[in-house]
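J.: Got a file for you: start-v5.csv, CSV, C-alpha atoms.
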```csv
chain,number,residue,atom,x,y,z
A,30,MET,CA,8.6,0.2,1.3
A,31,THR,CA,10.6,1.1,-1.8
A,32,PHE,CA,7.9,3.3,-3.1
A,33,GLU,CA,6.4,4.7,0.1
A,34,LEU,CA,9.3,6.9,1.2
A,35,PRO,CA,9.7,8.7,-2.2
A,36,LEU,CA,5.9,9.1,-2.4
A,37,LEU,CA,5.8,10.6,1.1
A,38,PHE,CA,8.7,12.9,0.3
A,39,LEU,CA,6.8,14.0,-2.9
A,40,LEU,CA,3.7,14.6,-0.7
A,41,VAL,CA,5.6,16.9,1.6
A,42,ILE,CA,7.2,18.7,-1.3
A,43,THR,CA,4.0,19.3,-3.2
A,44,ALA,CA,2.0,20.3,0.0
A,45,GLY,CA,4.7,22.8,1.0
A,46,GLY,CA,4.9,24.1,-2.6
A,47,ALA,CA,1.2,24.6,-2.9
A,48,ILE,CA,1.3,26.8,0.3
A,49,LEU,CA,4.5,28.7,-0.5
A,50,VAL,CA,4.1,29.5,-4.2
A,51,LYS,CA,2.9,33.1,-4.9
A,52,ASP,CA,0.8,32.5,-8.0
A,53,LEU,CA,-2.5,30.9,-7.2
A,54,ILE,CA,-2.9,29.2,-10.5
A,55,SER,CA,0.5,27.5,-10.0
A,56,ALA,CA,-0.7,26.5,-6.5
A,57,VAL,CA,-3.8,24.9,-8.0
A,58,PHE,CA,-1.7,22.7,-10.3
A,59,ILE,CA,0.7,21.8,-7.5
A,60,LEU,CA,-2.4,20.8,-5.4
A,61,GLY,CA,-3.6,18.6,-8.2
A,62,SER,CA,-0.2,16.8,-8.3
A,63,TYR,CA,-0.4,16.5,-4.5
A,64,SER,CA,-3.8,14.7,-4.9
A,65,PHE,CA,-2.3,12.4,-7.5
A,66,ALA,CA,0.6,11.4,-5.2
A,67,LEU,CA,-1.9,10.9,-2.4
A,68,ALA,CA,-3.9,8.7,-4.6
A,69,LEU,CA,-0.8,6.5,-5.3
A,70,VAL,CA,-0.3,6.3,-1.5
A,71,TRP,CA,-3.8,5.1,-0.9
A,72,ALA,CA,-3.4,2.5,-3.7
A,73,LEU,CA,-0.2,1.3,-2.1
A,74,LEU,CA,-2.0,1.0,1.3
A,75,GLY,CA,-4.7,-1.2,-0.4
A,76,ALA,CA,-7.5,1.4,-0.3
A,77,VAL,CA,-8.3,1.3,-4.0
A,78,ASP,CA,-11.7,2.9,-3.8
A,79,VAL,CA,-10.3,5.9,-1.8
A,80,ALA,CA,-7.4,6.2,-4.3
A,81,PHE,CA,-9.9,6.3,-7.2
A,82,VAL,CA,-12.0,9.0,-5.5
A,83,GLU,CA,-8.9,11.0,-4.6
A,84,ALA,CA,-7.5,10.8,-8.2
A,85,VAL,CA,-10.8,11.7,-9.9
A,86,VAL,CA,-12.1,14.3,-7.5
A,87,GLY,CA,-8.8,15.8,-6.1
A,88,ALA,CA,-6.7,15.8,-9.3
A,89,GLY,CA,-9.6,16.2,-11.7
A,90,LEU,CA,-12.8,17.9,-10.7
A,91,ALA,CA,-11.5,20.1,-7.9
A,92,THR,CA,-8.6,21.4,-10.1
A,93,VAL,CA,-11.2,22.4,-12.8
A,94,PHE,CA,-13.4,24.1,-10.3
A,95,PHE,CA,-10.4,26.0,-8.8
A,96,LEU,CA,-9.3,27.1,-12.2
A,97,LEU,CA,-12.8,28.2,-13.3
A,98,THR,CA,-12.9,30.3,-10.1
A,99,LEU,CA,-9.5,31.8,-10.7
A,100,PHE,CA,-10.4,32.8,-14.3
A,101,ARG,CA,-13.0,35.1,-12.9
A,102,THR,CA,-10.5,37.0,-10.8
A,103,THR,CA,-7.9,39.6,-11.8
A,104,GLU,CA,-4.1,39.7,-11.6
A,105,LYS,CA,-4.3,41.5,-8.3
A,106,ASP,CA,-6.4,38.8,-6.7
A,107,ASN,CA,-4.4,35.7,-7.7
A,108,HIS,CA,-1.0,37.0,-6.7
A,109,LEU,CA,-0.5,36.7,-3.0
A,110,ARG,CA,1.4,39.1,-0.7
A,111,ARG,CA,2.4,37.3,2.4
A,112,PRO,CA,2.8,39.2,5.6
A,113,PRO,CA,5.6,37.9,7.9
A,114,MET,CA,4.6,35.1,10.2
A,115,PRO,CA,3.6,36.1,13.7
A,116,TRP,CA,5.9,34.8,16.5
A,117,PRO,CA,3.2,32.7,18.3
A,118,ALA,CA,2.8,30.7,15.1
A,119,ILE,CA,6.6,30.2,14.7
A,120,ILE,CA,6.8,28.8,18.2
A,121,GLY,CA,3.4,27.1,18.4
A,122,LEU,CA,3.1,25.2,15.2
A,123,PRO,CA,6.3,23.1,15.7
A,124,LEU,CA,5.1,22.3,19.2
A,125,LEU,CA,1.8,21.1,17.7
A,126,GLY,CA,3.8,19.0,15.3
A,127,VAL,CA,5.7,17.4,18.1
A,128,LEU,CA,2.5,16.8,20.0
A,129,LEU,CA,1.0,15.0,16.9
A,130,LEU,CA,4.1,12.9,16.5
A,131,TYR,CA,3.9,12.0,20.2
A,132,GLY,CA,0.2,11.0,19.8
A,133,ALA,CA,1.0,9.0,16.6
A,134,GLY,CA,3.1,6.6,18.7
A,135,ASP,CA,-0.1,5.2,20.3
A,136,LEU,CA,-1.7,4.4,17.0
A,137,PRO,CA,-2.1,0.7,16.2
A,138,ALA,CA,0.4,-0.8,13.7
A,139,PHE,CA,-0.6,-0.9,10.0
A,140,GLY,CA,-2.6,-4.1,9.4
A,141,ASP,CA,-3.0,-4.9,13.1
A,142,ALA,CA,-5.7,-7.6,13.4
A,143,TYR,CA,-6.4,-6.7,17.1
A,144,SER,CA,-6.8,-3.0,16.7
A,145,ALA,CA,-10.1,-1.4,17.7
A,146,ALA,CA,-11.1,-0.7,14.2
A,147,SER,CA,-10.7,-4.2,12.9
A,148,THR,CA,-12.3,-6.1,15.8
A,149,HIS,CA,-15.7,-4.5,16.4
A,150,ILE,CA,-17.9,-4.7,13.3
A,151,SER,CA,-15.7,-4.9,10.2
A,152,PRO,CA,-15.3,-8.7,10.5
A,153,VAL,CA,-19.1,-8.9,10.3
A,154,PHE,CA,-19.1,-6.9,7.0
A,155,LEU,CA,-16.2,-8.9,5.6
A,156,GLN,CA,-17.7,-12.3,6.4
A,157,ASN,CA,-21.3,-11.6,5.5
A,158,SER,CA,-21.4,-9.1,2.7
A,159,LEU,CA,-21.0,-11.5,-0.2
A,160,ALA,CA,-23.7,-13.8,1.1
A,161,ASP,CA,-26.0,-10.9,2.0
A,162,THR,CA,-25.7,-8.8,-1.1
A,163,ARG,CA,-23.9,-10.8,-3.9
A,164,THR,CA,-21.5,-7.8,-4.1
A,165,PRO,CA,-17.8,-8.8,-4.1
A,166,ASN,CA,-16.7,-5.2,-3.4
A,167,VAL,CA,-17.1,-4.9,0.3
A,168,VAL,CA,-16.7,-1.1,0.2
A,169,THR,CA,-19.7,-0.8,-2.2
A,170,ALA,CA,-21.7,-3.2,-0.1
A,171,VAL,CA,-21.1,-1.2,3.1
A,172,LEU,CA,-21.6,2.2,1.4
A,173,MET,CA,-24.8,1.3,-0.5
A,174,ASP,CA,-26.4,-1.3,1.7
A,175,TYR,CA,-25.3,-1.4,5.4
A,176,ARG,CA,-24.7,2.3,5.5
A,177,SER,CA,-27.0,3.5,2.7
A,178,PHE,CA,-28.7,6.1,4.9
A,179,ASP,CA,-25.4,7.9,5.3
A,180,THR,CA,-24.9,7.8,1.6
A,181,PHE,CA,-28.4,9.2,1.1
A,182,ILE,CA,-27.6,12.2,3.3
A,183,GLU,CA,-24.3,12.7,1.4
A,184,THR,CA,-26.2,12.7,-1.9
A,185,ILE,CA,-28.4,15.4,-0.4
A,186,VAL,CA,-25.3,17.4,0.6
A,187,ILE,CA,-24.0,17.2,-3.0
A,188,PHE,CA,-27.4,18.2,-4.4
A,189,THR,CA,-27.6,21.2,-2.0
A,190,ALA,CA,-24.1,22.3,-3.0
A,191,GLY,CA,-25.1,22.4,-6.7
A,192,ILE,CA,-28.3,24.3,-5.9
A,193,ALA,CA,-26.4,26.8,-3.7
A,194,CYS,CA,-23.8,27.4,-6.3
A,195,ALA,CA,-26.5,28.0,-8.9
A,196,LEU,CA,-28.4,30.4,-6.7
A,197,ILE,CA,-25.4,32.4,-5.7
A,198,LEU,CA,-23.4,32.6,-8.9
A,199,ARG,CA,-26.1,32.7,-11.7
A,200,LYS,CA,-27.3,36.3,-11.4
A,201,GLY,CA,-29.7,37.9,-13.8
A,202,ASN,CA,-31.7,35.1,-15.4
B,2,MET,CA,-19.1,32.6,-20.6
B,3,ILE,CA,-16.5,30.2,-21.8
B,4,ARG,CA,-15.5,30.8,-25.4
B,5,PRO,CA,-14.8,27.8,-27.7
B,6,HIS,CA,-11.1,26.8,-28.1
B,7,ASP,CA,-9.7,27.5,-31.5
B,8,SER,CA,-6.7,25.2,-31.4
B,9,ALA,CA,-7.0,22.3,-33.8
B,10,ILE,CA,-4.9,20.0,-31.5
B,11,VAL,CA,-7.2,20.7,-28.5
B,12,ARG,CA,-10.4,20.2,-30.5
B,13,THR,CA,-9.2,16.9,-32.1
B,14,LEU,CA,-7.9,15.5,-28.8
B,15,GLY,CA,-11.2,16.5,-27.2
B,16,ARG,CA,-13.1,14.6,-29.8
B,17,ILE,CA,-11.0,11.5,-29.1
B,18,VAL,CA,-10.8,11.8,-25.3
B,19,ILE,CA,-14.4,12.7,-24.4
B,20,PRO,CA,-16.2,9.6,-25.7
B,21,VAL,CA,-13.5,7.4,-24.1
B,22,ALA,CA,-13.9,9.2,-20.8
B,23,GLN,CA,-17.7,8.8,-20.9
B,24,LEU,CA,-17.4,5.1,-21.7
B,25,PHE,CA,-15.0,4.7,-18.8
B,26,GLY,CA,-17.4,6.5,-16.5
B,27,PHE,CA,-20.2,4.2,-17.4
B,28,TYR,CA,-17.9,1.2,-17.0
B,29,VAL,CA,-16.8,2.4,-13.5
B,30,LEU,CA,-20.4,2.9,-12.5
B,31,VAL,CA,-21.6,-0.5,-13.6
B,32,PHE,CA,-18.5,-2.3,-12.5
B,33,GLY,CA,-18.5,-0.7,-9.0
B,34,GLN,CA,-20.0,-3.8,-7.4
B,35,PHE,CA,-17.2,-6.0,-8.6
B,36,GLY,CA,-14.2,-3.8,-8.4
B,37,PRO,CA,-13.0,-0.4,-7.3
B,38,GLY,CA,-15.4,2.4,-8.3
B,39,GLY,CA,-19.1,2.9,-7.9
B,40,GLY,CA,-21.7,5.5,-8.3
B,41,PHE,CA,-19.8,8.5,-6.9
B,42,VAL,CA,-16.6,8.0,-9.0
B,43,GLY,CA,-18.6,7.0,-12.1
B,44,GLY,CA,-20.7,10.2,-11.8
B,45,VAL,CA,-17.6,12.3,-11.4
B,46,VAL,CA,-15.9,10.9,-14.5
B,47,ILE,CA,-19.0,11.4,-16.6
B,48,ALA,CA,-19.3,15.0,-15.3
B,49,ALA,CA,-15.6,15.6,-16.0
B,50,SER,CA,-16.1,14.4,-19.6
B,51,MET,CA,-19.0,16.8,-20.1
B,52,ILE,CA,-17.1,19.7,-18.4
B,53,LEU,CA,-14.3,19.0,-20.9
B,54,ALA,CA,-16.8,19.3,-23.8
B,55,ILE,CA,-17.9,22.7,-22.4
B,56,LEU,CA,-14.4,23.9,-21.9
B,57,ILE,CA,-13.3,22.9,-25.4
B,58,PHE,CA,-16.3,23.5,-27.7
B,59,GLY,CA,-18.1,26.1,-25.6
B,60,ILE,CA,-21.5,25.8,-24.0
B,61,ASP,CA,-23.5,26.7,-27.0
B,62,SER,CA,-22.0,24.3,-29.5
B,63,PRO,CA,-23.8,21.1,-30.6
B,64,ASP,CA,-21.0,19.0,-29.0
B,65,SER,CA,-22.2,20.2,-25.6
B,66,THR,CA,-25.8,19.3,-26.1
B,67,MET,CA,-25.6,16.5,-23.5
B,68,ALA,CA,-24.1,18.9,-20.9
B,69,ARG,CA,-26.8,21.5,-21.5
B,70,ASN,CA,-29.6,19.0,-21.4
B,71,ILE,CA,-28.4,17.1,-18.3
B,72,LEU,CA,-29.2,20.2,-16.2
B,73,HIS,CA,-32.9,19.3,-16.6
B,74,GLY,CA,-32.2,16.2,-14.6
B,75,ASP,CA,-31.3,18.2,-11.4
B,76,GLY,CA,-32.7,16.2,-8.5
B,77,LEU,CA,-33.4,13.1,-10.5
B,78,GLY,CA,-30.6,11.2,-8.9
B,79,LEU,CA,-31.9,12.0,-5.5
B,80,LEU,CA,-35.4,11.0,-6.6
B,81,ILE,CA,-34.1,7.6,-7.7
B,82,PHE,CA,-32.3,7.1,-4.4
B,83,ALA,CA,-35.2,8.1,-2.3
B,84,GLY,CA,-37.6,6.2,-4.6
B,85,VAL,CA,-35.8,3.0,-3.9
B,86,GLY,CA,-36.0,3.7,-0.2
B,87,GLY,CA,-39.7,4.5,-0.6
B,88,LEU,CA,-40.3,1.2,-2.5
B,89,CYS,CA,-38.8,-0.6,0.5
B,90,MET,CA,-41.2,1.2,2.8
B,91,ILE,CA,-44.1,0.3,0.5
B,92,GLY,CA,-42.9,-3.3,0.6
B,93,GLY,CA,-43.3,-3.3,4.4
B,94,GLY,CA,-39.9,-2.6,5.8
B,95,GLN,CA,-37.6,0.3,6.8
B,96,PHE,CA,-36.4,3.1,4.6
B,97,LEU,CA,-33.6,1.7,2.3
B,98,ASN,CA,-33.8,-1.8,3.7
B,99,TYR,CA,-33.5,-3.7,0.4
B,100,THR,CA,-34.8,-6.9,1.9
B,101,TYR,CA,-38.3,-5.5,1.5
B,102,LEU,CA,-37.8,-4.5,-2.1
B,103,GLN,CA,-40.6,-6.6,-3.4
B,104,ILE,CA,-39.3,-8.1,-6.7
B,105,PRO,CA,-40.9,-11.4,-7.6
B,106,ASN,CA,-38.8,-14.5,-8.2
B,107,LEU,CA,-35.7,-13.1,-6.6
B,108,ASP,CA,-34.1,-14.2,-3.4
B,109,GLN,CA,-33.0,-11.8,-0.7
B,110,ALA,CA,-29.4,-11.4,-1.8
B,111,SER,CA,-30.4,-10.6,-5.4
B,112,GLN,CA,-32.8,-8.0,-4.1
B,113,HIS,CA,-30.0,-6.4,-2.2
B,114,PHE,CA,-27.9,-6.5,-5.4
B,115,ILE,CA,-30.7,-4.7,-7.4
B,116,GLY,CA,-31.1,-2.2,-4.6
B,117,ILE,CA,-27.4,-1.4,-4.6
B,118,MET,CA,-27.3,-1.1,-8.4
B,119,LEU,CA,-30.3,1.3,-8.5
B,120,THR,CA,-29.0,3.5,-5.7
B,121,GLN,CA,-25.6,3.7,-7.3
B,122,ILE,CA,-27.2,4.9,-10.5
B,123,GLY,CA,-29.0,7.5,-8.4
B,124,VAL,CA,-25.8,8.7,-6.9
B,125,ALA,CA,-24.1,8.8,-10.3
B,126,VAL,CA,-26.8,10.9,-11.8
B,127,ASP,CA,-26.8,13.3,-8.9
B,128,VAL,CA,-23.1,13.8,-8.9
B,129,ALA,CA,-22.8,14.2,-12.7
B,130,VAL,CA,-25.6,16.8,-12.8
B,131,THR,CA,-24.1,18.7,-9.8
B,132,GLY,CA,-20.6,18.7,-11.3
B,133,VAL,CA,-21.8,20.1,-14.6
B,134,SER,CA,-24.1,22.5,-12.9
B,135,ILE,CA,-21.3,23.9,-10.6
B,136,ALA,CA,-19.0,24.2,-13.6
B,137,ILE,CA,-21.6,26.2,-15.6
B,138,SER,CA,-22.3,28.3,-12.6
B,139,LEU,CA,-18.7,29.1,-12.1
B,140,SER,CA,-18.2,30.0,-15.7
B,141,PHE,CA,-21.2,32.3,-15.7
B,142,ASP,CA,-20.2,35.7,-16.8
B,143,ASP,CA,-21.4,38.9,-15.3
B,144,ASP,CA,-21.7,40.6,-18.7
B,145,GLU,CA,-24.7,38.4,-19.5
B,146,ILE,CA,-26.9,40.1,-16.9
B,147,PRO,CA,-29.5,42.1,-18.8
B,148,GLN,CA,-28.6,45.7,-18.5
B,149,ASP,CA,-32.1,47.1,-18.1
B,150,GLU,CA,-32.4,45.4,-14.7
B,151,GLY,CA,-31.7,48.4,-12.7
B,152,THR,CA,-33.9,50.8,-14.6
B,153,HIS,CA,-37.2,49.3,-13.4
B,154,GLY,CA,-36.6,50.5,-9.9
```
Go ahead and express the file in the form of structure tokens.

T.:
Amino acid sequence: MTFELPLLFLLVITAGGAILVKDLISAVFILGSYSFALALVWALLGAVDVAFVEAVVGAGLATVFFLLTLFRTTEKDNHLRRPPMPWPAIIGLPLLGVLLLYGAGDLPAFGDAYSAASTHISPVFLQNSLADTRTPNVVTAVLMDYRSFDTFIETIVIFTAGIACALILRKGN
Amino acid sequence: MIRPHDSAIVRTLGRIVIPVAQLFGFYVLVFGQFGPGGGFVGGVVIAASMILAILIFGIDSPDSTMARNILHGDGLGLLIFAGVGGLCMIGGGQFLNYTYLQIPNLDQASQHFIGIMLTQIGVAVDVAVTGVSIAISLSFDDDEIPQDEGTHG
């Protein structure tokens, strides 16, 4: 509890800063620090694998890709002119926030053993994965064994992204 | 195209950091079954180290040889992943059901272990190649288009 409140405060600050700052390169760096703070939050909640992916992809690779994209643009493109906010957004977005907060009251408590997510099939994975696969990391066992077909399709998605980038961006030869 | 960095601090730090990052990537990949990590994260760390080499030394320097040559492995990771699934089908089971991975003298759990390890290597190769490929695509300069392209019309 001592670390969570400052981290959430940092998350809100960096998320707002990435939206509000005028220079896009600064926004990319603030977004990287947002990902790093989010990775710390995941690690505090016990989701170490998610934290690892967030730190490596969000703060590392995505920042590099954003920067490489921005290096191809000119000064005119990476400085934003913001038009004033339309009045439906000024009224509607806080209402949406209130609605989300109202809906969040029905979520199960953190670590609730009787919530829907932890009663259906996750006990089966937790109890059987070591005997089934000799893999102590349950996340890897679920991703690569019980749900390996999903991971296969995700790998195809990544492959397709690389091919599409090469086809669109590498003109000429 | 990215030009090589001429600062001595950056180049020296790159020579120190890049091998450590690559070693850490392989460690995360191999250790993914026992701790946090796995194929995806390991592949991303390896890709990041090679992108760092491209950014510091330039794409044409001998330090970026690995990053240039890994592009020939495009699709190899997917082939490893699908190949393991195909081996399971040849062994008489469903696609990616490691129980039917016919390896002699191994019990069922160890076959699952081998299957997980091979598919993780496949994911890591795929992610690493794609990361480097996207970085090279993004840094591709329009000036390198041959100028006589429009004259053939």

J.: Restrict the distance test to all atoms listed in the file, flag each residue of chain A within 7 Å of chain B, and return the flagged residues as a PyMOL selection string.

T.: chain A and resi 77-78+81-82+85+90+94+97-98+160-166+169+173-174+177+184+187-188+191+194-195+198-201

J.: Could you work out how far atom CA of Asp52 of chain A lies from atom CA of Leu109 of chain A, giving the answer in Å with one decimal?

T.: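 Computed distance, atom CA of Leu109 of chain A to atom CA of Asp52 of chain A, equals 6.7 Å.
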
J.: Can you measure atom CA of Thr92 of chain A to atom CA of Phe58 of chain A for me? One decimal in Å is fine.

T.: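 It comes out at 7.0 Å.
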
J.: Name the closest residue to Ile47 of chain B among the candidates B:Ile104, B:Leu88, B:Val126, B:Ser8; distances are taken between atoms, counting all atoms listed in the file.

T.: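 Smallest separation from Ile47 of chain B among the options: B:Val126.
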
J.: Just checking: using only C-alpha atoms, which residue out of B:Arg69, B:Arg4, B:Met90, B:Ala129 ends up closest to Gln23 of chain B?

T.: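 That would be B:Ala129, the residue with the smallest distance to Gln23 of chain B.
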
J.: For each of B:Leu72, B:Ala54, B:Val31, B:Met67, take the minimum atom-to-atom distance to Thr13 of chain B, counting only C-alpha atoms, then give the residue where this is smallest.

T.: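 Nearest candidate to Thr13 of chain B out of B:Leu72, B:Ala54, B:Val31, B:Met67: B:Ala54.
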
J.: Just how far from atom CA of Val86 of chain A is atom CA of Ile60 of chain B, in Å to one decimal?

T.: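 Atom CA of Ile60 of chain B sits 22.2 Å away from atom CA of Val86 of chain A.
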
J.: Restricting the calculation to all atoms listed in the file, which member of A:Trp116, A:Trp71, A:Tyr143, A:Tyr63 is positioned closest to Gly45 of chain A?

T.: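 Result for the nearest residue to Gly45 of chain A: A:Tyr63.
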
J.: Which is closest to Asn107 of chain A among A:Ser55, A:Thr189, A:Ser62, A:Thr180, if we use all atoms listed in the file?

T.: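 Among the listed residues, the smallest separation from Asn107 of chain A belongs to A:Ser55.
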
J.: Which protein, DNA or RNA residues have an atom at most 8 Å from (3.5, 33.1, -1.9), counting only C-alpha atoms? List them as a list in words.

T.: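 Collected hits near the coordinates: Ile48, Leu49, Val50, Lys51, Asp52, His108, Leu109, Arg110 and Arg111 of chain A.
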
J.: Have a look at A:Leu74, A:Ile192, A:Ala44, A:Ala68 and name the one nearest to Gly140 of chain A; count only C-alpha atoms.

T.: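 The closest residue to Gly140 of chain A is A:Leu74.
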